[in-house]
Each structure stands twice: as structure tokens, then as C-alpha cells.
Amino acid sequence: GLVGSAGTIMYTFSLIMLILYVSSCMVVELITKKSDSYKDDEVRALAEELFPNIPVTMLTLLRFVSLDGISAIYQPLILEDPMLLIFFMPFILVVSISLVNLVTAVIVEGALEQGKSDREAVKIHKSKQFKKLMPELRQIFDELDIDGDGTVTLDELGQCNDQLRRKLENFMQADNLEELFEMIDVDGSGEIEIEEFVQGIEKLVNADQPVEVIRILKQLVVIRKELRELHQGVAEIREADKRRETQLEEMQQTLRRIEEQTSRAFGERHFPETIT
């Protein structure tokens, strides 16, 4: 970042030196030539010591860039001649604050851009390395595919020998092949084809995020899927309960109608005997 910002830094340095030179010329006119008229002997000695000529004046004003004890310089002069406030205030704002912060901002921006370029270069390098390892990855897949059906399941992954397991763990820098399988199995089918296997590992290798973050994101996706299935199951249970309540109400209404019909039929059958 510092090397990339060298041009801007040199430009800013040249601008500061130009401002110091122009300001020194103004100070010679405003302070040096008027120092004999100052009533305070200490202020007169200060002006003669710090602002005798343009080179020394530039060195004195250079202290304003780093804010190196400048209050001891401008405070007595402003108290002696308040009109100097019109000169010192803009000078402090431009040189001490604006230009210095501008240089800092340029260096920081250059460092960020350089870091971004470095990350892109690393990503391109990883992509080239991965292309060289494609045949080895396909060989690993063929060794994992025990039954030869063109897919690898979690059971086949668990049955691989220790040498192949260590080779795949070192290649992916993973501690658990089961979690690696879950990260590669995007569709959640429980089976991985050759293209899905290669593309999944390529995404993990070229990902900007660490493998741990990708693992957590994959687990969140699995948890979200399980929660969605759980919500669907709860909704189905509620629908089933509503249907049972409706059927129960219909059965109760049917029983009441049967009771009413039975009561009416029983009353009609015994009513004449009651009159007699």
C-alpha cells in the first residue's frame, strides 16, 4: 500500500512544500517586517528567532504539519496582533488537518486495494492448482465409488481405507469426511455424482470464506430444511385435528337426529294407549 501510494505521497509532499513557501513569504510580510513594532519584548524575540527569513520560516511552519507545540508559536503572536488569526486559522486547517489526513486516507486506500489484489491473485493461483489436481480428484472419486454406479454415498465414504481417507482430509484440510460429504451434497439426496463431487470441492477450495464458516452455513441450511419439514408436519397434524373435530361434530349431530327421530317414533307409538 505504501509503495502503491508513493506517487500520491510525493505529490502531496510537493504541495505541502509549495504551501509552506507561499505561507513563509506571507509570514515575512505579516510578522518579520512588523516585529520591530511589537510592544512585548518576548514576542519580538520570538518573531526574530522563528521568522527571521524564508528558510527558517519554512522550518518553523513545518512544525504546524505535525502540530509540534504550535500553540507556543501562534498564541503570543495572535495576542500581540489579532489580525494574524486570519492567517494562522486557515493555515492550520489546510496543512495540519486536511493535507495530513489526505495522506493517511491515500495510504489506507492503497493498502486496501493492494490487499484486494493479493486476495484475487491467491484465488487465481488456487484455481490453477485445482485444475492441475482434477485428474487426481477423479481418481479419488473412482476409488470411493465402491459399487461402480457413478455415485458416492455416505456409506461408501465411510468404507474407504485409511490411506484414502487421510489423502482426502489433507487435500481438503478437513477433520471429518462426513461433514465434508454434507457440504458437497448440495441437493441433500445422500448421493454425490462425479461432477457434483468436483464442483463441490472446487467451491470449497476457491471460497473466500473459511471451511468452518461454510460448514456452519451448510448446517444452518439443514436445520432450516428440518424446521420447514417440522412446520409442515405440525400443519398436517392441525389439519387432521380439524378434520377429526368436524367429523366428531357431524357424528354428534347425527346422533342427536337419531335420538330425536327415535323419541318422536316412540311417542307416536305410545300416544293412543295413553289417551285410552
# chains A, B, ... in the order shown; residues from 1 in each chain; ligands from 1
call {"tool": "residues_around", "arguments": {"residues": "Ile31 (chain A)", "least_positions_apart": "2", "cutoff": "12 Å", "atoms": "only C-alpha atoms", "output": "count of residues only"}}
result
38
call {"tool": "closest_residue", "arguments": {"among": "A:Leu79, A:Gln139, A:Phe13, A:Leu18", "to": "Lys39 (chain A)", "atoms": "only C-alpha atoms"}}
result
A:Leu79
call {"tool": "residues_around", "arguments": {"residues": "Leu67 (chain A)", "least_positions_apart": "2", "cutoff": "10 Å", "atoms": "only C-alpha atoms", "output": "number ranges by chain"}}
result
A: 61-65, 69-71, 92, 95-97
call {"tool": "select_by_dssp", "arguments": {"residues": "region 3-196 of chain A", "states": "helix (DSSP H, G or I)", "output": "PyMOL selection string"}}
result
chain A and resi 6-30+32-37+41-50+54-65+71-80+82-132+134-144+154-158+162-172+177-184+194-196
call {"tool": "select_by_dssp", "arguments": {"residues": "region 38-202 of chain A", "states": "strand (DSSP E or B)", "output": "list in words"}}
result
Thr151, Val152, Thr153, Glu191, Ile192 and Glu193 of chain A
call {"tool": "atom_distance", "arguments": {"atom1": "CA of Met58 (chain A)", "atom2": "CA of Val106 (chain A)"}}
result
24.9 Å
call {"tool": "closest_residue", "arguments": {"among": "A:Gln129, A:Thr12, A:Thr153, A:Thr60", "to": "Val103 (chain A)", "atoms": "only C-alpha atoms"}}
result
A:Thr12
call {"tool": "atom_distance", "arguments": {"atom1": "CA of Arg228 (chain A)", "atom2": "CA of Thr151 (chain A)"}}
result
27.6 Å
call {"tool": "atom_distance", "arguments": {"atom1": "CA of Glu143 (chain A)", "atom2": "CA of Ile201 (chain A)"}}
result
16.2 Å
